[in-house]
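Text of target.tsv, listed as TSV, C-alpha atoms:
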chain	number	residue	atom	x	y	z
A	25	MET	CA	65.80	46.98	9.43
A	26	SER	CA	63.02	46.33	6.94
A	27	ILE	CA	63.83	47.38	3.40
A	28	SER	CA	60.10	47.95	2.82
A	29	PRO	CA	58.98	50.14	5.74
A	30	PRO	CA	55.30	51.16	5.92
A	31	ARG	CA	54.59	54.30	3.95
A	32	PRO	CA	52.46	57.20	5.16
A	33	LYS	CA	48.82	56.72	4.20
A	34	GLY	CA	46.30	59.30	3.10
A	35	PRO	CA	42.63	59.28	4.00
A	36	PRO	CA	40.42	56.65	2.30
A	37	LEU	CA	39.15	57.65	-1.13
A	38	ASN	CA	35.54	57.13	-0.03
A	39	ALA	CA	36.08	59.55	2.86
A	40	LEU	CA	37.43	62.19	0.49
A	41	ARG	CA	34.46	61.58	-1.83
A	42	ALA	CA	32.05	62.06	1.09
A	43	PHE	CA	33.74	65.34	2.07
A	44	GLU	CA	33.76	66.64	-1.51
A	45	ALA	CA	30.07	65.85	-2.05
A	46	ALA	CA	29.01	67.42	1.26
A	47	ALA	CA	31.13	70.52	0.64
A	48	ARG	CA	29.97	70.93	-2.98
A	49	LEU	CA	26.29	70.42	-2.13
A	50	GLY	CA	26.41	72.24	1.20
A	51	SER	CA	24.63	69.45	3.04
A	52	PHE	CA	25.40	66.06	4.58
A	53	ALA	CA	21.89	64.90	3.64
A	54	ALA	CA	22.29	65.94	-0.01
A	55	ALA	CA	25.68	64.21	-0.15
A	56	ALA	CA	24.13	61.06	1.31
A	57	GLU	CA	21.44	61.09	-1.38
A	58	GLU	CA	23.98	61.56	-4.17
A	59	LEU	CA	26.23	58.77	-2.89
A	60	SER	CA	23.37	56.44	-1.88
A	61	VAL	CA	24.43	56.18	1.77
A	62	THR	CA	23.07	57.54	5.05
A	63	ALA	CA	23.79	61.00	6.41
A	64	GLY	CA	25.40	59.28	9.40
A	65	ALA	CA	27.83	57.49	7.09
A	66	ILE	CA	28.75	60.81	5.48
A	67	SER	CA	29.38	62.31	8.91
A	68	GLN	CA	31.65	59.43	9.93
A	69	GLN	CA	33.62	59.62	6.69
A	70	ILE	CA	34.16	63.35	7.10
A	71	LYS	CA	35.30	62.85	10.69
A	72	ALA	CA	37.87	60.39	9.36
A	73	VAL	CA	39.24	63.01	6.96
A	74	GLU	CA	39.29	65.65	9.71
A	75	THR	CA	41.12	63.27	12.06
A	76	TRP	CA	43.72	62.55	9.41
A	77	ALA	CA	44.08	66.26	8.54
A	78	GLY	CA	44.27	67.29	12.20
A	79	CYS	CA	41.84	70.18	11.69
A	80	PRO	CA	38.10	70.72	11.25
A	81	LEU	CA	36.84	71.04	7.69
A	82	PHE	CA	33.27	71.93	8.64
A	83	THR	CA	31.81	74.09	11.35
A	84	ARG	CA	28.75	72.34	12.78
A	85	ARG	CA	25.85	74.66	13.54
A	86	ALA	CA	22.23	74.15	14.57
A	87	GLN	CA	21.03	75.26	11.13
A	88	GLY	CA	23.55	73.15	9.20
A	89	VAL	CA	27.24	72.94	8.37
A	90	VAL	CA	29.61	75.54	6.95
A	91	LEU	CA	33.03	74.97	5.45
A	92	THR	CA	36.01	76.18	7.43
A	93	GLY	CA	38.80	78.04	5.68
A	94	GLU	CA	40.78	74.80	5.37
A	95	GLY	CA	37.76	72.99	3.95
A	96	ALA	CA	37.10	75.74	1.40
A	97	ARG	CA	40.72	75.62	0.21
A	98	ILE	CA	40.79	71.89	-0.52
A	99	LEU	CA	37.33	71.70	-2.15
A	100	PRO	CA	38.23	73.03	-5.66
A	101	PRO	CA	41.09	70.57	-6.37
A	102	LEU	CA	39.05	67.68	-4.96
A	103	THR	CA	36.09	68.59	-7.16
A	104	ARG	CA	38.33	68.72	-10.24
A	105	ALA	CA	39.87	65.38	-9.29
A	106	PHE	CA	36.54	63.59	-8.85
A	107	ASP	CA	35.19	65.19	-12.03
A	108	GLU	CA	38.14	63.71	-13.90
A	109	ILE	CA	37.63	60.29	-12.26
A	110	SER	CA	33.98	60.36	-13.31
A	111	ARG	CA	34.95	61.42	-16.82
A	112	ALA	CA	37.49	58.59	-17.10
A	113	THR	CA	34.95	56.07	-15.81
A	114	GLY	CA	32.41	57.30	-18.34
A	115	LEU	CA	34.92	56.95	-21.17
A	116	ILE	CA	35.67	53.39	-20.14
A	117	ARG	CA	31.94	52.58	-20.18
A	118	ALA	CA	31.47	54.32	-23.52
A	119	HIS	CA	34.18	52.23	-25.17
A	120	GLY	CA	33.06	48.94	-23.69
A	121	ALA	CA	31.81	46.20	-25.97
A	122	LYS	CA	28.46	45.94	-24.20
A	123	GLN	CA	25.95	48.63	-25.17
A	124	ASP	CA	23.95	49.60	-22.10
A	125	VAL	CA	21.80	52.70	-21.71
A	126	ASN	CA	21.01	53.75	-18.14
A	127	ILE	CA	18.23	56.34	-17.96
A	128	ALA	CA	17.41	58.46	-14.91
A	129	ALA	CA	13.89	59.88	-14.96
A	130	LEU	CA	11.39	61.58	-12.72
A	131	PRO	CA	8.95	58.84	-11.60
A	132	SER	CA	5.96	60.53	-13.27
A	133	ILE	CA	7.95	60.97	-16.50
A	134	ALA	CA	9.02	57.31	-16.41
A	135	GLN	CA	5.44	56.10	-15.88
A	136	LEU	CA	3.37	58.46	-17.99
A	137	TRP	CA	5.66	59.80	-20.71
A	138	LEU	CA	8.49	57.32	-21.25
A	139	GLN	CA	6.72	53.99	-20.75
A	140	PRO	CA	4.35	54.37	-23.73
A	141	ARG	CA	7.39	55.05	-25.93
A	142	LEU	CA	9.58	52.18	-24.72
A	143	SER	CA	8.56	49.70	-27.43
A	144	ALA	CA	9.63	52.07	-30.20
A	145	ILE	CA	12.79	52.99	-28.31
A	146	ARG	CA	13.82	49.37	-27.77
A	147	ALA	CA	13.15	48.58	-31.42
A	148	ALA	CA	15.44	51.45	-32.45
A	149	LEU	CA	18.19	50.41	-30.03
A	150	GLY	CA	18.41	46.86	-31.32
A	151	ASP	CA	20.59	44.70	-29.06
A	152	ALA	CA	21.38	47.49	-26.61
A	153	SER	CA	20.12	47.02	-23.05
A	154	LEU	CA	17.87	49.79	-21.69
A	155	SER	CA	17.41	50.34	-17.96
A	156	VAL	CA	15.23	53.03	-16.39
A	157	PHE	CA	15.81	54.36	-12.86
A	158	ALA	CA	13.10	56.52	-11.24
A	159	LEU	CA	14.62	59.36	-9.18
A	160	GLU	CA	12.95	62.27	-7.41
A	161	THR	CA	15.79	64.68	-8.18
A	162	ALA	CA	17.90	65.02	-11.29
A	163	PRO	CA	21.37	63.46	-10.91
A	164	ASP	CA	24.61	65.28	-11.53
A	165	MET	CA	25.40	63.89	-14.98
A	166	ASN	CA	29.09	64.66	-14.42
A	167	ARG	CA	29.16	62.18	-11.55
A	168	ALA	CA	26.37	59.62	-11.80
A	169	MET	CA	26.67	56.56	-14.03
A	170	PHE	CA	23.69	57.50	-16.18
A	171	ASP	CA	23.82	57.93	-19.93
A	172	CYS	CA	20.72	60.14	-20.17
A	173	SER	CA	18.24	61.84	-17.87
A	174	LEU	CA	14.64	63.01	-18.33
A	175	PHE	CA	13.30	65.59	-15.89
A	176	LEU	CA	10.84	68.46	-15.73
A	177	ARG	CA	13.10	71.39	-14.90
A	178	VAL	CA	14.33	74.74	-16.11
A	179	PRO	CA	16.85	74.21	-18.95
A	180	THR	CA	20.37	75.52	-18.38
A	181	GLY	CA	21.27	75.91	-22.06
A	182	ALA	CA	24.08	73.36	-21.87
A	183	ASN	CA	24.99	71.70	-25.17
A	184	THR	CA	24.26	68.31	-23.60
A	185	GLU	CA	20.57	69.23	-23.15
A	186	SER	CA	17.59	69.04	-25.48
A	187	ILE	CA	14.13	70.46	-24.76
A	188	LEU	CA	11.60	67.81	-25.73
A	189	ALA	CA	8.46	69.72	-24.69
A	190	GLN	CA	7.63	72.95	-22.89
A	191	ASP	CA	5.52	72.53	-19.77
A	192	ALA	CA	2.34	74.33	-18.73
A	193	LEU	CA	-0.44	74.12	-16.13
A	194	LEU	CA	-4.05	73.36	-17.03
A	195	PRO	CA	-6.95	71.68	-15.19
A	196	VAL	CA	-7.97	68.32	-16.69
A	197	CYS	CA	-10.78	65.94	-15.87
A	198	ALA	CA	-12.98	63.19	-17.26
A	199	PRO	CA	-15.49	64.31	-19.94
A	200	SER	CA	-18.39	63.53	-17.59
A	201	VAL	CA	-16.99	65.95	-15.01
A	202	ALA	CA	-16.21	68.61	-17.59
A	203	ALA	CA	-19.88	68.65	-18.62
A	204	ARG	CA	-20.82	70.36	-15.35
A	205	LEU	CA	-17.99	72.92	-15.39
A	206	LYS	CA	-19.03	76.14	-17.13
A	207	HIS	CA	-16.43	78.50	-15.63
A	208	PRO	CA	-13.59	78.30	-13.07
A	209	GLN	CA	-15.86	79.33	-10.19
A	210	ASN	CA	-17.55	75.93	-10.49
A	211	LEU	CA	-14.38	74.38	-9.11
A	212	SER	CA	-15.39	75.46	-5.58
A	213	SER	CA	-17.83	72.54	-5.40
A	214	GLU	CA	-15.42	69.99	-6.85
A	215	THR	CA	-12.53	67.91	-5.48
A	216	LEU	CA	-9.19	69.24	-6.62
A	217	LEU	CA	-6.44	66.66	-7.15
A	218	LEU	CA	-2.82	67.63	-6.67
A	219	ASP	CA	0.60	66.08	-6.53
A	220	GLU	CA	2.57	66.83	-3.35
A	221	THR	CA	5.66	67.68	-5.38
A	222	TRP	CA	3.80	70.54	-7.05
A	223	ARG	CA	1.45	71.55	-4.26
A	224	GLU	CA	1.49	75.22	-5.29
A	225	ASP	CA	0.30	74.56	-8.85
A	226	TRP	CA	-3.42	75.11	-8.12
A	227	ARG	CA	-2.69	78.48	-6.49
A	228	ILE	CA	-0.50	79.52	-9.42
A	229	TRP	CA	-3.14	78.56	-11.96
A	230	ALA	CA	-6.03	80.14	-9.99
A	231	THR	CA	-4.15	83.43	-9.73
A	232	ALA	CA	-3.58	83.45	-13.48
A	233	ALA	CA	-7.26	82.57	-14.08
A	234	GLY	CA	-8.35	85.46	-11.88
A	235	PHE	CA	-10.24	83.75	-9.09
A	236	GLU	CA	-9.68	82.52	-5.53
A	237	LEU	CA	-9.89	78.93	-4.43
A	238	ALA	CA	-12.54	78.26	-1.81
A	239	LYS	CA	-11.23	78.28	1.77
A	240	ALA	CA	-13.02	74.99	2.45
A	241	GLN	CA	-12.00	73.52	-0.87
A	242	ARG	CA	-12.06	69.72	-1.03
A	243	THR	CA	-8.69	68.36	-2.11
A	244	ALA	CA	-6.98	65.02	-2.54
A	245	ARG	CA	-3.20	64.81	-2.37
A	246	TYR	CA	-0.95	62.22	-3.97
A	247	SER	CA	2.71	61.30	-3.77
A	248	LEU	CA	2.45	59.54	-7.15
A	249	TYR	CA	1.28	61.62	-10.08
A	250	ALA	CA	0.08	58.50	-11.89
A	251	LEU	CA	-2.45	57.85	-9.10
A	252	ALA	CA	-3.78	61.39	-9.34
A	253	LEU	CA	-4.12	60.97	-13.10
A	254	ALA	CA	-5.95	57.67	-12.66
A	255	ASP	CA	-8.43	59.23	-10.23
A	256	ALA	CA	-9.03	62.14	-12.60
A	257	THR	CA	-9.68	59.68	-15.42
A	258	ALA	CA	-12.15	57.81	-13.19
A	259	GLY	CA	-14.09	61.04	-12.56
A	260	PHE	CA	-13.11	61.49	-8.91
A	261	GLY	CA	-12.03	65.10	-9.31
A	262	ILE	CA	-10.15	67.69	-11.34
A	263	LEU	CA	-6.39	67.38	-11.67
A	264	LEU	CA	-4.17	70.41	-12.13
A	265	GLY	CA	-2.27	68.88	-15.00
A	266	ARG	CA	1.26	69.30	-16.18
A	267	ARG	CA	0.98	69.54	-19.96
A	268	VAL	CA	3.86	67.11	-20.55
A	269	LEU	CA	2.28	64.46	-18.32
A	270	VAL	CA	-1.34	64.74	-19.46
A	271	GLN	CA	-0.85	65.30	-23.20
A	272	ASP	CA	-1.28	61.62	-24.12
A	273	ALA	CA	-4.55	61.43	-22.14
A	274	LEU	CA	-5.78	64.61	-23.83
A	275	ASP	CA	-4.88	63.20	-27.24
A	276	THR	CA	-6.90	60.03	-26.61
A	277	GLY	CA	-9.83	61.92	-25.06
A	278	THR	CA	-9.74	60.09	-21.73
A	279	LEU	CA	-9.17	63.52	-20.19
A	280	VAL	CA	-10.29	66.94	-21.38
A	281	ALA	CA	-9.37	70.51	-20.47
A	282	PRO	CA	-12.61	72.23	-19.36
A	283	PHE	CA	-11.19	75.77	-19.42
A	284	GLU	CA	-9.12	77.70	-21.95
A	285	CYS	CA	-6.78	79.20	-19.36
A	286	GLU	CA	-3.35	77.58	-19.52
A	287	VAL	CA	-0.33	78.88	-17.59
A	288	SER	CA	3.05	78.55	-19.30
A	289	LEU	CA	6.00	77.51	-17.14
A	290	ASP	CA	9.73	78.04	-17.38
A	291	ALA	CA	10.16	74.31	-16.79
A	292	ALA	CA	10.35	71.88	-19.69
A	293	LEU	CA	10.90	68.21	-20.30
A	294	VAL	CA	14.68	68.22	-20.58
A	295	LEU	CA	16.70	65.37	-22.02
A	296	GLU	CA	20.33	65.45	-20.92
A	297	VAL	CA	22.97	63.17	-22.42
A	298	SER	CA	26.19	62.40	-20.58
A	299	ALA	CA	29.12	64.47	-21.84
A	300	THR	CA	31.16	61.26	-22.19
A	301	ALA	CA	28.61	59.57	-24.50
A	302	GLN	CA	29.99	58.87	-27.97
A	303	PRO	CA	28.07	59.94	-31.14
A	304	SER	CA	27.92	56.29	-32.22
A	305	SER	CA	26.66	55.04	-28.85
A	306	ALA	CA	23.27	53.62	-27.91
A	307	ALA	CA	22.78	56.67	-25.67
A	308	PHE	CA	22.82	58.92	-28.74
A	309	ASP	CA	20.43	56.54	-30.51
A	310	PHE	CA	18.10	56.81	-27.50
A	311	ALA	CA	18.26	60.59	-27.61
A	312	LYS	CA	17.69	60.64	-31.37
A	313	VAL	CA	14.50	58.59	-31.00
A	314	LEU	CA	13.13	60.95	-28.34
A	315	ARG	CA	13.93	64.04	-30.40
A	316	SER	CA	12.18	62.68	-33.49
Re-express the file's structure as structure tokens.
Amino acid sequence: MSISPPRPKGPPLNALRAFEAAARLGSFAAAAEELSVTAGAISQQIKAVETWAGCPLFTRRAQGVVLTGEGARILPPLTRAFDEISRATGLIRAHGAKQDVNIAALPSIAQLWLQPRLSAIRAALGDASLSVFALETAPDMNRAMFDCSLFLRVPTGANTESILAQDALLPVCAPSVAARLKHPQNLSSETLLLDETWREDWRIWATAAGFELAKAQRTARYSLYALALADATAGFGILLGRRVLVQDALDTGTLVAPFECEVSLDAALVLEVSATAQPSSAAFDFAKVLRS
């Protein structure tokens, strides 16, 4: 008889991670995005956990998935466990000899707000390495290996957050275009530029300004805010600007605001620093530069 018989094995750690992410986020697709894999891979990993457990952890429905009673019971301890693993990993990174700063940012923030400030930031960081990752959605800073994030969103009030600028909506255009705009009603004969991410912004602003957009209004849609801004600067149309993203162009005069009506938003440019970042770290130096 072998003195070292095989021991019972649990499910693979990656399979448990896939289940926890899908259960916490309520979606296989959202879990796939967080873990940078496909939704099919998430599904296969969860099936592996269910096979090992001998019971279903999700109920599959046409409109999505719902946790079973067994799934709901094991989610809290798994979430705590993976939170602690992420915290431990962050502490290891924070105490490493190499000073790296990984920044997650909304693409438009990275291009239009952060990029002009990078020279000053790098000068302040000295030998630290700075990397910027453009993401469409803000990462979970308790899980992702980012030191800081920069996104336009509603602040939560967490002590890891800083509000760098409050956001607002206002039409902006080239000075040559502004010369023919006397009041908002003139917009009916112009091309309105809008970012697909914020497709409702023109309606929100028009309602606040007290007029209706023309039913046959000419529009141009963009998936990159920087392209919309470039076309507005070139005089192609009027962009419904986000104050945070157009402020530099307004300061230089390449764009102007033809109307006084500006709509304040709950969203702001929020800087979030990882909870595991140390006060003496390059991540805190990065945040200090942005706050100044």
- request: Excluding region 27-41 of chain A and any residue of its chain fewer than 4 positions from it, enumerate the residues within 9 Å of it, using only C-alpha atoms, and give them as a PyMOL selection string.
  value: chain A and resi 45-46+59+66+68-73+76-77+102-103+106
- prompt: How many Å lie between CA of Asp191 (chain A) and CA of Ala240 (chain A), rounded to one decimal?
  reply: 29.0 Å
message: With distances taken over all atoms listed in the file, which residue among A:Ala203, A:Ile98, A:Leu263, A:Ala250 lies nearest Trp226 (chain A)?
response: A:Leu263
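With all atoms listed in the file as the basis for measurement, A:Ala202 is the residue among A:Ala202, A:Gly150, A:Phe43, A:Val178 that approaches Gly277 (chain A) most closely.
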- prompt: Of the candidates A:Gly114, A:Gly50, A:Gly265, A:Pro101, which one gets nearest to Arg84 (chain A) if we count only C-alpha atoms?
  reply: A:Gly50
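Proximity to Lys239 (chain A) was assessed for A:Gln87, A:Ser186, A:Ser213, A:Ser143 counting only C-alpha atoms; the smallest distance is recorded for A:Ser213.
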Nearest-residue call for Thr180 (chain A), choices A:Arg48, A:Glu296, A:Ser305, A:Ala128, using all atoms listed in the file: A:Glu296
- prompt: Taking only C-alpha atoms into account, which of A:Arg177, A:Arg111, A:Arg315, A:His207 comes nearest Thr161 (chain A)?
  reply: A:Arg177
message: To one decimal place in Å, what is the distance between CA of Pro282 (chain A) and CA of Gln241 (chain A)?
response: 18.5 Å
Pairwise distance for CA of Asp164 (chain A) and CA of Ala86 (chain A), rounded to one decimal in Å: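 These two atoms are separated by 27.7 Å.
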task: Determine, counting all atoms listed in the file, every residue of protein, DNA or RNA that lies within 10 Å of (-8.6, 74.5, -19.0) in the file coordinates, then give the result as a list in words.
output: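 Neighbouring residues, ordered by chain and number, come to Leu193, Leu194, Pro195, Val196, Cys197, Ala202, His207, Pro208, Trp229, Ala233, Leu264, Gly265, Val280, Ala281, Pro282, Phe283, Glu284, Cys285, Glu286 and Val287 of chain A.
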Those same residues, written as an mmCIF file, in the frame of the given file with C-alpha atoms?
data_model
loop_
_atom_site.group_PDB
_atom_site.id
_atom_site.type_symbol
_atom_site.label_atom_id
_atom_site.label_comp_id
_atom_site.auth_asym_id
_atom_site.auth_seq_id
_atom_site.Cartn_x
_atom_site.Cartn_y
_atom_site.Cartn_z
ATOM 1 C CA LEU A 193 -0.440 74.120 -16.130
ATOM 2 C CA LEU A 194 -4.050 73.360 -17.030
ATOM 3 C CA PRO A 195 -6.950 71.680 -15.190
ATOM 4 C CA VAL A 196 -7.970 68.320 -16.690
ATOM 5 C CA CYS A 197 -10.780 65.940 -15.870
ATOM 6 C CA ALA A 202 -16.210 68.610 -17.590
ATOM 7 C CA HIS A 207 -16.430 78.500 -15.630
ATOM 8 C CA PRO A 208 -13.590 78.300 -13.070
ATOM 9 C CA TRP A 229 -3.140 78.560 -11.960
ATOM 10 C CA ALA A 233 -7.260 82.570 -14.080
ATOM 11 C CA LEU A 264 -4.170 70.410 -12.130
ATOM 12 C CA GLY A 265 -2.270 68.880 -15.000
ATOM 13 C CA VAL A 280 -10.290 66.940 -21.380
ATOM 14 C CA ALA A 281 -9.370 70.510 -20.470
ATOM 15 C CA PRO A 282 -12.610 72.230 -19.360
ATOM 16 C CA PHE A 283 -11.190 75.770 -19.420
ATOM 17 C CA GLU A 284 -9.120 77.700 -21.950
ATOM 18 C CA CYS A 285 -6.780 79.200 -19.360
ATOM 19 C CA GLU A 286 -3.350 77.580 -19.520
ATOM 20 C CA VAL A 287 -0.330 78.880 -17.590
#
Got a sec: who's within 10 Å of region 135-138 of chain A, counting only C-alpha atoms, leaving out chain neighbours fewer than 6 positions off, as a PDB file with C-alpha atoms, in the frame of the given file?
ATOM      1  CA  ALA A 129      13.890  59.880 -14.960  1.00  0.00           C
ATOM      2  CA  ILE A 145      12.790  52.990 -28.310  1.00  0.00           C
ATOM      3  CA  VAL A 156      15.230  53.030 -16.390  1.00  0.00           C
ATOM      4  CA  ALA A 158      13.100  56.520 -11.240  1.00  0.00           C
ATOM      5  CA  LEU A 174      14.640  63.010 -18.330  1.00  0.00           C
ATOM      6  CA  LEU A 248       2.450  59.540  -7.150  1.00  0.00           C
ATOM      7  CA  TYR A 249       1.280  61.620 -10.080  1.00  0.00           C
ATOM      8  CA  ALA A 250       0.080  58.500 -11.890  1.00  0.00           C
ATOM      9  CA  LEU A 253      -4.120  60.970 -13.100  1.00  0.00           C
ATOM     10  CA  VAL A 268       3.860  67.110 -20.550  1.00  0.00           C
ATOM     11  CA  LEU A 269       2.280  64.460 -18.320  1.00  0.00           C
ATOM     12  CA  VAL A 270      -1.340  64.740 -19.460  1.00  0.00           C
ATOM     13  CA  GLN A 271      -0.850  65.300 -23.200  1.00  0.00           C
ATOM     14  CA  ASP A 272      -1.280  61.620 -24.120  1.00  0.00           C
ATOM     15  CA  ALA A 273      -4.550  61.430 -22.140  1.00  0.00           C
ATOM     16  CA  LEU A 293      10.900  68.210 -20.300  1.00  0.00           C
ATOM     17  CA  LEU A 314      13.130  60.950 -28.340  1.00  0.00           C
TER      18      LEU A 314
END
- prompt: If you count only C-alpha atoms, which residues fall within 12 Å of Gln123 (chain A), apart from same-chain ones fewer than 2 positions away, as a list in words?
  reply: Ile116, Arg117, Ala118, His119, Gly120, Ala121, Val125, Asn126, Leu149, Gly150, Asp151, Ala152, Ser153, Leu154, Ser155, Asp171, Ala301, Gln302, Ser304, Ser305, Ala306, Ala307, Phe308, Asp309 and Phe310 of chain A
